[in-house]
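Structure file model33.cif with mmCIF, C-alpha atoms and all ligand atoms:
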data_run
loop_
_atom_site.group_PDB
_atom_site.id
_atom_site.type_symbol
_atom_site.label_atom_id
_atom_site.label_comp_id
_atom_site.auth_asym_id
_atom_site.auth_seq_id
_atom_site.Cartn_x
_atom_site.Cartn_y
_atom_site.Cartn_z
ATOM 1 C CA CYS J 1 -9.111 -33.748 -5.664
ATOM 2 C CA GLU J 2 -6.765 -35.895 -7.733
ATOM 3 C CA VAL J 3 -2.987 -35.391 -7.610
ATOM 4 C CA ARG J 4 -0.735 -36.865 -10.316
ATOM 5 C CA VAL J 5 3.057 -36.940 -10.208
ATOM 6 C CA GLY J 6 4.894 -37.623 -13.433
ATOM 7 C CA PRO J 7 7.763 -36.647 -15.719
ATOM 8 C CA LEU J 8 7.640 -33.231 -17.376
ATOM 9 C CA PRO J 9 6.957 -32.981 -21.108
ATOM 10 C CA GLN J 10 10.292 -32.916 -23.037
ATOM 11 C CA ARG J 11 10.118 -29.156 -23.858
ATOM 12 C CA ASP J 12 9.783 -28.107 -20.137
ATOM 13 C CA ARG J 13 12.396 -30.444 -18.706
ATOM 14 C CA GLU J 14 15.323 -28.080 -18.261
ATOM 15 C CA GLY J 15 16.257 -27.686 -14.612
ATOM 16 C CA ALA J 16 13.247 -29.532 -13.295
ATOM 17 C CA GLU J 17 12.820 -33.075 -12.071
ATOM 18 C CA ALA J 18 9.140 -33.805 -12.040
ATOM 19 C CA MET J 19 5.682 -32.338 -12.495
ATOM 20 C CA ILE J 20 2.799 -32.279 -10.073
ATOM 21 C CA ALA J 21 -0.629 -31.838 -11.702
ATOM 22 C CA VAL J 22 -3.585 -31.056 -9.479
ATOM 23 C CA HIS J 23 -6.985 -31.762 -10.994
ATOM 24 C CA ASP J 24 -10.146 -30.766 -9.215
ATOM 25 C CA VAL J 25 -12.406 -33.753 -9.849
ATOM 26 C CA THR J 26 -15.083 -32.716 -7.342
ATOM 27 C CA LYS J 27 -17.528 -31.860 -10.132
ATOM 28 C CA LEU J 28 -16.862 -35.081 -11.997
ATOM 29 C CA VAL J 29 -17.329 -37.150 -8.860
ATOM 30 C CA ARG J 30 -20.583 -35.336 -8.106
ATOM 31 C CA LEU J 31 -21.796 -35.798 -11.663
ATOM 32 C CA GLU J 32 -20.956 -39.495 -11.505
ATOM 33 C CA ARG J 33 -22.800 -39.845 -8.187
ATOM 34 C CA MET J 34 -25.841 -38.034 -9.613
ATOM 35 C CA ARG J 35 -25.881 -40.346 -12.638
ATOM 36 C CA ALA J 36 -25.702 -43.372 -10.339
ATOM 37 C CA ASP J 37 -28.539 -41.976 -8.145
ATOM 38 C CA PHE J 38 -30.619 -41.310 -11.239
ATOM 39 C CA VAL J 39 -30.228 -44.885 -12.529
ATOM 40 C CA ALA J 40 -31.016 -46.239 -9.047
ATOM 41 C CA ASN J 41 -34.145 -44.044 -8.764
ATOM 42 C CA ALA J 42 -35.355 -44.892 -12.267
ATOM 43 C CA SER J 43 -34.849 -48.615 -11.629
ATOM 44 C CA HIS J 44 -36.679 -48.361 -8.332
ATOM 45 C CA GLU J 45 -39.601 -46.536 -9.981
ATOM 46 C CA LEU J 46 -39.846 -49.278 -12.617
ATOM 47 C CA ARG J 47 -39.369 -52.156 -10.198
ATOM 48 C CA THR J 48 -42.543 -51.474 -8.192
ATOM 49 C CA PRO J 49 -45.091 -51.736 -11.049
ATOM 50 C CA LEU J 50 -43.062 -54.496 -12.691
ATOM 51 C CA SER J 51 -43.090 -56.671 -9.526
ATOM 52 C CA SER J 52 -46.794 -56.115 -9.141
ATOM 53 C CA LEU J 53 -47.407 -57.025 -12.791
ATOM 54 C CA VAL J 54 -45.344 -60.225 -12.522
ATOM 55 C CA GLY J 55 -47.181 -61.117 -9.277
ATOM 56 C CA PHE J 56 -50.589 -60.808 -10.965
ATOM 57 C CA ILE J 57 -49.457 -62.816 -13.996
ATOM 58 C CA GLU J 58 -48.140 -65.585 -11.708
ATOM 59 C CA THR J 59 -51.477 -65.708 -9.885
ATOM 60 C CA LEU J 60 -53.471 -65.794 -13.110
ATOM 61 C CA MET J 61 -51.249 -68.536 -14.553
ATOM 62 C CA GLY J 62 -51.314 -70.525 -11.299
ATOM 63 C CA PRO J 63 -53.925 -70.658 -8.525
ATOM 64 C CA ALA J 64 -56.435 -68.364 -10.287
ATOM 65 C CA ARG J 65 -56.065 -69.984 -13.710
ATOM 66 C CA GLU J 66 -59.764 -70.817 -13.996
ATOM 67 C CA ASP J 67 -61.008 -67.930 -11.862
ATOM 68 C CA ALA J 68 -62.944 -65.589 -14.177
ATOM 69 C CA GLU J 69 -63.776 -63.207 -11.356
ATOM 70 C CA ALA J 70 -60.087 -62.802 -10.399
ATOM 71 C CA ARG J 71 -59.232 -62.159 -14.044
ATOM 72 C CA GLU J 72 -61.872 -59.418 -14.261
ATOM 73 C CA ARG J 73 -60.530 -57.843 -11.100
ATOM 74 C CA PHE J 74 -56.809 -58.106 -11.862
ATOM 75 C CA LEU J 75 -56.711 -57.107 -15.519
ATOM 76 C CA PRO J 76 -57.545 -53.396 -15.004
ATOM 77 C CA ILE J 77 -54.914 -53.195 -12.238
ATOM 78 C CA MET J 78 -52.353 -54.866 -14.514
ATOM 79 C CA MET J 79 -53.232 -52.445 -17.290
ATOM 80 C CA GLU J 80 -52.689 -49.477 -14.958
ATOM 81 C CA GLN J 81 -49.288 -50.830 -13.859
ATOM 82 C CA GLY J 82 -48.332 -51.292 -17.528
ATOM 83 C CA ARG J 83 -49.434 -47.750 -18.330
ATOM 84 C CA ARG J 84 -47.433 -46.433 -15.398
ATOM 85 C CA MET J 85 -44.285 -48.074 -16.752
ATOM 86 C CA GLN J 86 -45.090 -46.761 -20.224
ATOM 87 C CA ARG J 87 -45.418 -43.156 -18.922
ATOM 88 C CA LEU J 88 -42.178 -43.487 -17.002
ATOM 89 C CA VAL J 89 -40.228 -44.838 -19.987
ATOM 90 C CA GLU J 90 -41.673 -42.116 -22.240
ATOM 91 C CA ASP J 91 -40.641 -39.393 -19.762
ATOM 92 C CA LEU J 92 -37.171 -40.912 -19.359
ATOM 93 C CA LEU J 93 -36.745 -40.936 -23.144
ATOM 94 C CA SER J 94 -37.965 -37.330 -23.429
ATOM 95 C CA LEU J 95 -35.520 -36.231 -20.775
ATOM 96 C CA SER J 96 -32.582 -37.943 -22.443
ATOM 97 C CA ARG J 97 -33.523 -36.565 -25.881
ATOM 98 C CA ILE J 98 -33.679 -33.047 -24.427
ATOM 99 C CA GLU J 99 -30.334 -33.495 -22.666
ATOM 100 C CA ILE J 100 -28.672 -34.645 -25.892
ATOM 101 C CA ASN J 101 -29.741 -31.406 -27.635
ATOM 102 C CA GLU J 102 -29.247 -29.181 -24.626
ATOM 103 C CA HIS J 103 -26.157 -27.463 -26.035
ATOM 104 C CA SER J 104 -27.588 -26.584 -29.452
ATOM 105 C CA PRO J 105 -29.890 -23.552 -29.806
ATOM 106 C CA PRO J 106 -33.482 -24.309 -30.885
ATOM 107 C CA THR J 107 -34.098 -23.732 -34.584
ATOM 108 C CA GLY J 108 -37.869 -23.234 -35.019
ATOM 109 C CA SER J 109 -40.287 -20.417 -34.328
ATOM 110 C CA VAL J 110 -43.302 -20.818 -32.045
ATOM 111 C CA LEU J 111 -46.513 -18.858 -31.523
ATOM 112 C CA VAL J 112 -47.066 -19.713 -27.881
ATOM 113 C CA PRO J 113 -50.803 -18.724 -27.678
ATOM 114 C CA ASP J 114 -51.635 -21.146 -30.543
ATOM 115 C CA LEU J 115 -49.660 -23.873 -28.836
ATOM 116 C CA ILE J 116 -51.444 -23.353 -25.508
ATOM 117 C CA ARG J 117 -54.888 -23.229 -27.134
ATOM 118 C CA ASP J 118 -54.257 -26.628 -28.763
ATOM 119 C CA ILE J 119 -53.055 -28.133 -25.500
ATOM 120 C CA ALA J 120 -56.042 -26.771 -23.568
ATOM 121 C CA THR J 121 -58.406 -28.250 -26.178
ATOM 122 C CA GLY J 122 -56.644 -31.613 -25.884
ATOM 123 C CA LEU J 123 -57.048 -31.556 -22.101
ATOM 124 C CA GLU J 124 -60.712 -30.550 -22.106
ATOM 125 C CA LEU J 125 -62.031 -34.042 -21.336
ATOM 126 C CA LYS J 126 -59.582 -34.559 -18.495
ATOM 127 C CA SER J 127 -60.390 -31.206 -16.885
ATOM 128 C CA ARG J 128 -64.128 -31.689 -17.365
ATOM 129 C CA ASP J 129 -63.868 -35.042 -15.528
ATOM 130 C CA LYS J 130 -62.898 -33.053 -12.408
ATOM 131 C CA GLY J 131 -65.428 -30.328 -13.104
ATOM 132 C CA MET J 132 -62.576 -27.931 -13.847
ATOM 133 C CA SER J 133 -62.341 -25.299 -16.533
ATOM 134 C CA VAL J 134 -59.285 -23.883 -18.264
ATOM 135 C CA VAL J 135 -59.518 -20.129 -18.777
ATOM 136 C CA LEU J 136 -57.136 -18.623 -21.333
ATOM 137 C CA ASP J 137 -56.126 -14.996 -21.057
ATOM 138 C CA LEU J 138 -53.466 -14.728 -23.758
ATOM 139 C CA ASP J 139 -52.519 -11.581 -25.611
ATOM 140 C CA PRO J 140 -53.355 -12.555 -29.235
ATOM 141 C CA ASP J 141 -50.572 -10.316 -30.562
ATOM 142 C CA LEU J 142 -47.768 -12.018 -28.702
ATOM 143 C CA PRO J 143 -44.684 -12.253 -30.925
ATOM 144 C CA ALA J 144 -43.281 -15.633 -31.879
ATOM 145 C CA VAL J 145 -40.385 -16.997 -29.860
ATOM 146 C CA ALA J 146 -37.446 -18.989 -31.159
ATOM 147 C CA GLY J 147 -38.038 -22.557 -30.094
ATOM 148 C CA GLU J 148 -38.764 -26.180 -30.811
ATOM 149 C CA PRO J 149 -42.562 -26.542 -31.061
ATOM 150 C CA ASP J 150 -42.602 -30.118 -29.689
ATOM 151 C CA GLN J 151 -40.439 -29.272 -26.714
ATOM 152 C CA LEU J 152 -42.293 -26.072 -25.804
ATOM 153 C CA SER J 153 -45.538 -27.957 -26.218
ATOM 154 C CA GLN J 154 -44.306 -30.422 -23.619
ATOM 155 C CA VAL J 155 -43.592 -27.564 -21.200
ATOM 156 C CA PHE J 156 -47.173 -26.273 -21.239
ATOM 157 C CA GLN J 157 -48.654 -29.770 -21.480
ATOM 158 C CA ASN J 158 -46.829 -30.791 -18.279
ATOM 159 C CA LEU J 159 -47.772 -27.594 -16.419
ATOM 160 C CA LEU J 160 -51.438 -27.827 -17.392
ATOM 161 C CA ASP J 161 -51.478 -31.543 -16.632
ATOM 162 C CA ASN J 162 -50.147 -30.821 -13.134
ATOM 163 C CA ALA J 163 -52.681 -28.040 -12.588
ATOM 164 C CA ILE J 164 -55.459 -30.519 -13.407
ATOM 165 C CA LYS J 165 -53.892 -33.318 -11.322
ATOM 166 C CA TYR J 166 -53.273 -31.263 -8.195
ATOM 167 C CA GLY J 167 -55.966 -28.583 -8.558
ATOM 168 C CA ARG J 168 -59.189 -28.829 -6.562
ATOM 169 C CA ALA J 169 -62.225 -30.257 -8.309
ATOM 170 C CA LYS J 170 -64.668 -27.675 -9.719
ATOM 171 C CA THR J 171 -62.125 -24.847 -9.823
ATOM 172 C CA ALA J 172 -60.639 -22.888 -12.717
ATOM 173 C CA ILE J 173 -57.123 -23.036 -14.090
ATOM 174 C CA THR J 174 -56.009 -19.753 -15.600
ATOM 175 C CA VAL J 175 -53.322 -19.435 -18.231
ATOM 176 C CA SER J 176 -52.314 -15.843 -18.859
ATOM 177 C CA GLY J 177 -49.652 -14.646 -21.227
ATOM 178 C CA GLY J 178 -48.037 -11.352 -22.184
ATOM 179 C CA VAL J 179 -44.757 -9.550 -22.606
ATOM 180 C CA VAL J 180 -42.803 -8.231 -19.618
ATOM 181 C CA ALA J 181 -40.250 -5.469 -20.057
ATOM 182 C CA ARG J 182 -37.490 -7.069 -18.029
ATOM 183 C CA ALA J 183 -36.490 -10.686 -17.607
ATOM 184 C CA PRO J 184 -36.622 -11.903 -13.988
ATOM 185 C CA VAL J 185 -33.499 -12.447 -11.910
ATOM 186 C CA GLY J 186 -31.989 -15.812 -12.743
ATOM 187 C CA MET J 187 -32.922 -15.730 -16.427
ATOM 188 C CA PRO J 188 -29.878 -16.973 -18.336
ATOM 189 C CA GLY J 189 -28.373 -14.374 -20.652
ATOM 190 C CA SER J 190 -31.088 -11.886 -21.551
ATOM 191 C CA ARG J 191 -32.192 -9.094 -19.215
ATOM 192 C CA GLY J 192 -34.433 -7.499 -21.844
ATOM 193 C CA PRO J 193 -38.136 -8.020 -22.615
ATOM 194 C CA CYS J 194 -39.436 -11.546 -22.555
ATOM 195 C CA LEU J 195 -42.573 -13.596 -22.916
ATOM 196 C CA HIS J 196 -44.284 -14.479 -19.652
ATOM 197 C CA VAL J 197 -46.885 -17.230 -19.318
ATOM 198 C CA ALA J 198 -48.444 -18.008 -15.926
ATOM 199 C CA VAL J 199 -50.330 -21.250 -15.251
ATOM 200 C CA ARG J 200 -52.386 -20.704 -12.105
ATOM 201 C CA ASP J 201 -54.402 -23.288 -10.177
ATOM 202 C CA GLU J 202 -56.528 -23.398 -7.054
ATOM 203 C CA SER J 203 -55.243 -26.181 -4.817
ATOM 204 C CA GLU J 204 -53.765 -27.015 -1.435
ATOM 205 C CA GLY J 205 -50.631 -25.252 -2.619
ATOM 206 C CA ILE J 206 -47.016 -26.189 -2.060
ATOM 207 C CA PRO J 207 -45.112 -25.355 1.165
ATOM 208 C CA ARG J 208 -42.338 -22.864 0.469
ATOM 209 C CA GLU J 209 -39.466 -25.214 1.405
ATOM 210 C CA HIS J 210 -40.345 -27.556 -1.475
ATOM 211 C CA LEU J 211 -40.370 -24.913 -4.228
ATOM 212 C CA PRO J 212 -36.630 -24.916 -5.025
ATOM 213 C CA ARG J 213 -36.578 -28.724 -5.361
ATOM 214 C CA LEU J 214 -39.679 -29.279 -7.525
ATOM 215 C CA THR J 215 -37.687 -29.563 -10.758
ATOM 216 C CA GLU J 216 -35.331 -32.258 -9.434
ATOM 217 C CA ARG J 217 -35.892 -35.618 -11.084
ATOM 218 C CA PHE J 218 -38.273 -37.801 -9.072
ATOM 219 C CA TYR J 219 -38.809 -35.122 -6.413
ATOM 220 C CA ARG J 220 -42.391 -35.154 -5.149
ATOM 221 C CA VAL J 221 -44.014 -33.161 -2.355
ATOM 222 C CA ASP J 222 -46.366 -36.042 -1.619
ATOM 223 C CA ARG J 223 -45.162 -39.304 -3.161
ATOM 224 C CA ALA J 224 -48.398 -41.225 -2.595
ATOM 225 C CA ARG J 225 -50.500 -38.443 -4.090
ATOM 226 C CA SER J 226 -48.296 -38.164 -7.174
ATOM 227 C CA ARG J 227 -48.486 -41.956 -7.703
ATOM 228 C CA GLN J 228 -52.239 -41.972 -7.226
ATOM 229 C CA MET J 229 -52.498 -39.230 -9.855
ATOM 230 C CA GLY J 230 -50.344 -41.226 -12.277
ATOM 231 C CA GLY J 231 -47.310 -38.929 -11.929
ATOM 232 C CA THR J 232 -43.796 -40.002 -12.898
ATOM 233 C CA GLY J 233 -41.950 -37.325 -10.923
ATOM 234 C CA LEU J 234 -40.216 -36.186 -14.116
ATOM 235 C CA GLY J 235 -42.665 -33.616 -15.546
ATOM 236 C CA LEU J 236 -41.060 -30.519 -14.043
ATOM 237 C CA ALA J 237 -37.519 -31.813 -14.663
ATOM 238 C CA ILE J 238 -38.448 -31.989 -18.349
ATOM 239 C CA VAL J 239 -39.838 -28.428 -18.164
ATOM 240 C CA LYS J 240 -36.612 -27.147 -16.607
ATOM 241 C CA HIS J 241 -34.370 -28.790 -19.207
ATOM 242 C CA VAL J 242 -36.458 -27.594 -22.161
ATOM 243 C CA LEU J 243 -36.440 -24.047 -20.792
ATOM 244 C CA ALA J 244 -32.677 -24.193 -20.221
ATOM 245 C CA ARG J 245 -32.225 -25.089 -23.892
ATOM 246 C CA HIS J 246 -34.405 -22.080 -24.809
ATOM 247 C CA ARG J 247 -32.567 -19.786 -22.364
ATOM 248 C CA GLY J 248 -35.809 -19.478 -20.470
ATOM 249 C CA LEU J 249 -36.775 -19.879 -16.820
ATOM 250 C CA LEU J 250 -39.444 -21.531 -14.657
ATOM 251 C CA VAL J 251 -40.441 -19.701 -11.475
ATOM 252 C CA PRO J 252 -42.895 -21.611 -9.260
ATOM 253 C CA GLU J 253 -44.881 -19.669 -6.664
ATOM 254 C CA SER J 254 -47.446 -20.981 -4.225
ATOM 255 C CA VAL J 255 -49.649 -19.963 -1.329
ATOM 256 C CA VAL J 256 -50.576 -22.861 0.948
ATOM 257 C CA GLY J 257 -54.330 -23.297 1.061
ATOM 258 C CA GLU J 258 -54.868 -21.166 -2.042
ATOM 259 C CA GLY J 259 -52.966 -22.522 -5.018
ATOM 260 C CA SER J 260 -49.875 -22.368 -7.172
ATOM 261 C CA THR J 261 -48.619 -20.400 -10.147
ATOM 262 C CA PHE J 262 -45.958 -21.733 -12.487
ATOM 263 C CA ASN J 263 -44.363 -18.808 -14.355
ATOM 264 C CA VAL J 264 -42.582 -19.500 -17.623
ATOM 265 C CA TYR J 265 -40.250 -16.867 -19.091
ATOM 266 C CA LEU J 266 -38.871 -17.110 -22.631
ATOM 267 C CA PRO J 267 -36.541 -14.606 -24.311
ATOM 268 C CA LEU J 268 -38.069 -12.709 -27.214
ATOM 269 C CA SER J 269 -34.854 -12.170 -29.131
ATOM 270 C CA ALA J 270 -33.510 -15.173 -31.034
ATOM 271 C CA PRO J 271 -30.940 -16.945 -28.877
ATOM 272 C CA ALA J 272 -27.771 -16.160 -30.817
ATOM 273 C CA GLU J 273 -25.499 -17.813 -28.292
ATOM 274 C CA ALA J 274 -25.439 -21.454 -27.342
ATOM 275 C CA PRO J 275 -27.906 -22.329 -24.575
ATOM 276 C CA VAL J 276 -26.730 -22.198 -20.988
ATOM 277 C CA PRO J 277 -26.817 -25.782 -19.683
ATOM 278 C CA VAL J 278 -28.532 -26.500 -16.367
ATOM 279 C CA PRO J 279 -25.871 -25.968 -13.676
ATOM 280 C CA LEU J 280 -24.675 -29.117 -11.946
ATOM 281 C CA GLU J 281 -26.012 -28.111 -8.559
ATOM 282 C CA ALA J 282 -29.525 -27.620 -10.018
ATOM 283 C CA LEU J 283 -29.830 -30.966 -11.851
HETATM 284 P P1 LIG J 301 -45.372 -35.629 -10.956
HETATM 285 O O1 LIG J 301 -45.347 -36.568 -12.095
HETATM 286 O O2 LIG J 301 -45.196 -36.300 -9.626
HETATM 287 O O3 LIG J 301 -46.528 -34.700 -10.995
HETATM 288 P P2 LIG J 301 -43.677 -33.328 -11.558
HETATM 289 O O4 LIG J 301 -42.221 -33.298 -11.846
HETATM 290 O O5 LIG J 301 -44.599 -32.856 -12.622
HETATM 291 O O6 LIG J 301 -43.990 -34.812 -11.110
HETATM 292 O O7 LIG J 301 -43.936 -32.458 -10.261
HETATM 293 C C1 LIG J 301 -43.128 -32.712 -9.109
HETATM 294 C C2 LIG J 301 -43.957 -32.525 -7.860
HETATM 295 O O8 LIG J 301 -44.306 -31.146 -7.719
HETATM 296 C C3 LIG J 301 -45.279 -33.276 -7.851
HETATM 297 O O9 LIG J 301 -45.135 -34.607 -7.399
HETATM 298 C C4 LIG J 301 -46.100 -32.433 -6.885
HETATM 299 O O10 LIG J 301 -45.805 -32.809 -5.559
HETATM 300 C C5 LIG J 301 -45.576 -31.012 -7.116
HETATM 301 N N1 LIG J 301 -46.433 -30.225 -8.032
HETATM 302 C C6 LIG J 301 -46.225 -30.001 -9.338
HETATM 303 N N2 LIG J 301 -47.178 -29.211 -9.862
HETATM 304 C C7 LIG J 301 -48.021 -28.922 -8.854
HETATM 305 C C8 LIG J 301 -49.226 -28.143 -8.734
HETATM 306 N N3 LIG J 301 -49.748 -27.494 -9.776
HETATM 307 N N4 LIG J 301 -49.820 -28.078 -7.519
HETATM 308 C C9 LIG J 301 -49.294 -28.725 -6.455
HETATM 309 N N5 LIG J 301 -48.174 -29.471 -6.488
HETATM 310 C C10 LIG J 301 -47.550 -29.579 -7.671
#
Would you mind writing the file out in structure tokens?
Ligand code: ADP
Amino acid sequence: CEVRVGPLPQRDREGAEAMIAVHDVTKLVRLERMRADFVANASHELRTPLSSLVGFIETLMGPAREDAEARERFLPIMMEQGRRMQRLVEDLLSLSRIEINEHSPPTGSVLVPDLIRDIATGLELKSRDKGMSVVLDLDPDLPAVAGEPDQLSQVFQNLLDNAIKYGRAKTAITVSGGVVARAPVGMPGSRGPCLHVAVRDESEGIPREHLPRLTERFYRVDRARSRQMGGTGLGLAIVKHVLARHRGLLVPESVVGEGSTFNVYLPLSAPAEAPVPVPLEAL
């Protein structure tokens, strides 16, 4: 809390000596601290692959200059570290682009089943590599929703990507979609009918205590596993921010030992009002 003492404005001066203004700066301080944490986390995430990359380059320019075998061995590792930094920078840019537009309602119109079909086709190779299949159970008559196609595409891309990354080999991922009569509790604004898409996987599942924190930036249930899978820790944060802009909601559910379901809800009526920004405590 910040207290300022100063002279009164001219028009209010009669009979008074001074003014005390009390400003609650708790939110601002918290926001500032979160920004600082975010920059520290992002720098830390970049520093690890960058140090490793510089280390390999130093070795290849120095002691292993003529060592063809070392070059063969190091180059793929260096490439992977470079790709990791690339993914991280791309996700950071996506997140900041979404945040910049967070207060303006989306302008386009999106047929979600078409969007999901395209994404599933694009991920076929990746899922086949793990012997997985993506089963689509989407109502073909689903109405269009108001939204930005690129941003909504990123939502389902990230959820399907995660289902492939964390799902067990040789299992099926199911994406079902339909209309539900009432929006779930927590949906910003609308309580009426909305579009519901569920992305379900078979995996080790996620312990209940982690569910509320999954959409925090850089939050991972198992850091080593996420890294090994090429994760940036930003996928679900991007999903949350896109859905906030669309006045939608993400509801993760999971049963340990069985698998997880990520439920996406989007309002069916065009969002007439400005989007509800992600509350400070949920960033
Ligand atoms: P990451 O890039 O690490 O996958 P995300 O933001 O997409 O980051 O997800 C955050 C964390 O949530 C992941 O690190 C993982 O621990 C957990 N998670 C996300 N999706 C799933 C899933 N389908 N099954 C199990 N865990 C998941």
The PyMOL selection byres (((not hetatm)) within 7 of (chain J and resi 301)) - which residues does that actually catch in the file I just gave you? List them as an MDAnalysis selection string.
chainID J and resid 158:159 162:163 166:167 201 203:206 214:215 217:223 226:227 230:237 259:260
Write a file of the selected residues as a short mmCIF file (atom, residue, chain, number, x, y, z; two decimals), keeping the file's coordinate frame, keeping C-alpha atoms.
data_model
loop_
_atom_site.label_atom_id
_atom_site.label_comp_id
_atom_site.auth_asym_id
_atom_site.auth_seq_id
_atom_site.Cartn_x
_atom_site.Cartn_y
_atom_site.Cartn_z
CA ASN J 158 -46.83 -30.79 -18.28
CA LEU J 159 -47.77 -27.59 -16.42
CA ASN J 162 -50.15 -30.82 -13.13
CA ALA J 163 -52.68 -28.04 -12.59
CA TYR J 166 -53.27 -31.26 -8.20
CA GLY J 167 -55.97 -28.58 -8.56
CA ASP J 201 -54.40 -23.29 -10.18
CA SER J 203 -55.24 -26.18 -4.82
CA GLU J 204 -53.76 -27.02 -1.44
CA GLY J 205 -50.63 -25.25 -2.62
CA ILE J 206 -47.02 -26.19 -2.06
CA LEU J 214 -39.68 -29.28 -7.52
CA THR J 215 -37.69 -29.56 -10.76
CA ARG J 217 -35.89 -35.62 -11.08
CA PHE J 218 -38.27 -37.80 -9.07
CA TYR J 219 -38.81 -35.12 -6.41
CA ARG J 220 -42.39 -35.15 -5.15
CA VAL J 221 -44.01 -33.16 -2.36
CA ASP J 222 -46.37 -36.04 -1.62
CA ARG J 223 -45.16 -39.30 -3.16
CA SER J 226 -48.30 -38.16 -7.17
CA ARG J 227 -48.49 -41.96 -7.70
CA GLY J 230 -50.34 -41.23 -12.28
CA GLY J 231 -47.31 -38.93 -11.93
CA THR J 232 -43.80 -40.00 -12.90
CA GLY J 233 -41.95 -37.33 -10.92
CA LEU J 234 -40.22 -36.19 -14.12
CA GLY J 235 -42.66 -33.62 -15.55
CA LEU J 236 -41.06 -30.52 -14.04
CA ALA J 237 -37.52 -31.81 -14.66
CA GLY J 259 -52.97 -22.52 -5.02
CA SER J 260 -49.88 -22.37 -7.17
#
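Residue nearest Glu148 (chain J), chosen from J:Arg208, J:Met85, J:Leu243, J:Gly178 and counting all atoms listed in the file: J:Leu243.
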Please identify all polymer residues within 7 Å of region 100-114 of chain J, counting all atoms listed in the file, omitting same-chain residues fewer than 2 positions from it, and present them as a PDB file with C-alpha atoms, keeping the file's coordinate frame.
ATOM      1  CA  SER J  96     -32.582 -37.943 -22.443  1.00  0.00           C
ATOM      2  CA  ARG J  97     -33.523 -36.565 -25.881  1.00  0.00           C
ATOM      3  CA  ILE J  98     -33.679 -33.047 -24.427  1.00  0.00           C
ATOM      4  CA  ILE J 116     -51.444 -23.353 -25.508  1.00  0.00           C
ATOM      5  CA  ARG J 117     -54.888 -23.229 -27.134  1.00  0.00           C
ATOM      6  CA  ASP J 118     -54.257 -26.628 -28.763  1.00  0.00           C
ATOM      7  CA  LEU J 138     -53.466 -14.728 -23.758  1.00  0.00           C
ATOM      8  CA  PRO J 140     -53.355 -12.555 -29.235  1.00  0.00           C
ATOM      9  CA  PRO J 143     -44.684 -12.253 -30.925  1.00  0.00           C
ATOM     10  CA  ALA J 144     -43.281 -15.633 -31.879  1.00  0.00           C
ATOM     11  CA  VAL J 145     -40.385 -16.997 -29.860  1.00  0.00           C
ATOM     12  CA  ALA J 146     -37.446 -18.989 -31.159  1.00  0.00           C
ATOM     13  CA  GLY J 147     -38.038 -22.557 -30.094  1.00  0.00           C
ATOM     14  CA  GLU J 148     -38.764 -26.180 -30.811  1.00  0.00           C
ATOM     15  CA  PRO J 149     -42.562 -26.542 -31.061  1.00  0.00           C
ATOM     16  CA  ARG J 245     -32.225 -25.089 -23.892  1.00  0.00           C
ATOM     17  CA  HIS J 246     -34.405 -22.080 -24.809  1.00  0.00           C
ATOM     18  CA  PRO J 271     -30.940 -16.945 -28.877  1.00  0.00           C
ATOM     19  CA  ALA J 274     -25.439 -21.454 -27.342  1.00  0.00           C
ATOM     20  CA  PRO J 275     -27.906 -22.329 -24.575  1.00  0.00           C
ATOM     21  CA  PRO J 277     -26.817 -25.782 -19.683  1.00  0.00           C
TER      22      PRO J 277
END
Give me, as a VMD selection string, all polymer residues having an atom no more than 7 Å from region 180-193 of chain J, counting all atoms listed in the file and skipping those fewer than 4 positions away in the same chain.
chain J and resid 247 to 249 267 to 268 276
Minimum-distance residue to Glu45 (chain J), chosen among J:Ile57, J:Val89, J:Ala18, J:Pro76 (using all atoms listed in the file):
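Residue with the minimum atom-to-atom distance to Glu45 (chain J): J:Val89.
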So that all listed atoms of region 133-137 of chain J fit with 6 Å spare on each side, what axis-aligned box centre and edge lengths in Å, to one decimal, would you give as JSON?
{"center_x": -59.2, "center_y": -20.1, "center_z": -18.9, "size_x": 18.2, "size_y": 22.3, "size_z": 16.8}
One decimal, Å: what's the distance from CA of Leu95 (chain J) over to CA of Ala224 (chain J), could you say?
22.8 Å
For CA of Val256 (chain J) and CA of Thr171 (chain J), the interatomic separation in Å (one decimal)
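Separation between CA of Val256 (chain J) and CA of Thr171 (chain J): 15.9 Å.
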From the list J:Val199, J:Glu99, J:Val54, J:Arg225, which residue is nearest Leu250 (chain J) when using all atoms listed in the file?
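Closest to Leu250 (chain J), using all atoms listed in the file: J:Val199.
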Separation of CA of Ser153 (chain J) and CA of Leu92 (chain J), in Å?
16.9 Å
Which polymer residues, protein or nucleic acid, are no farther than 8 Å from (-50.3, -22.1, -15.6), counting only C-alpha atoms, as a list in words?
Phe156, Leu159, Leu160, Ala163, Ile173, Thr174, Val175, Ser176, Val197, Ala198, Val199, Arg200, Asp201, Thr261, Phe262 and Asn263 of chain J
Test item: residues at most 9 Å from Leu211 (chain J), all atoms listed in the file, excluding those fewer than 6 positions along its chain, as a PyMOL selection string
chain J and resi 251-254
The selected residues should be written to file as a short mmCIF file (atom, residue, chain, number, x, y, z; two decimals), in the frame of the given file (atoms: C-alpha atoms).
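And here's selection.cif as it stands now:
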data_model
loop_
_atom_site.label_atom_id
_atom_site.label_comp_id
_atom_site.auth_asym_id
_atom_site.auth_seq_id
_atom_site.Cartn_x
_atom_site.Cartn_y
_atom_site.Cartn_z
CA VAL J 251 -40.44 -19.70 -11.48
CA PRO J 252 -42.90 -21.61 -9.26
CA GLU J 253 -44.88 -19.67 -6.66
CA SER J 254 -47.45 -20.98 -4.22
#
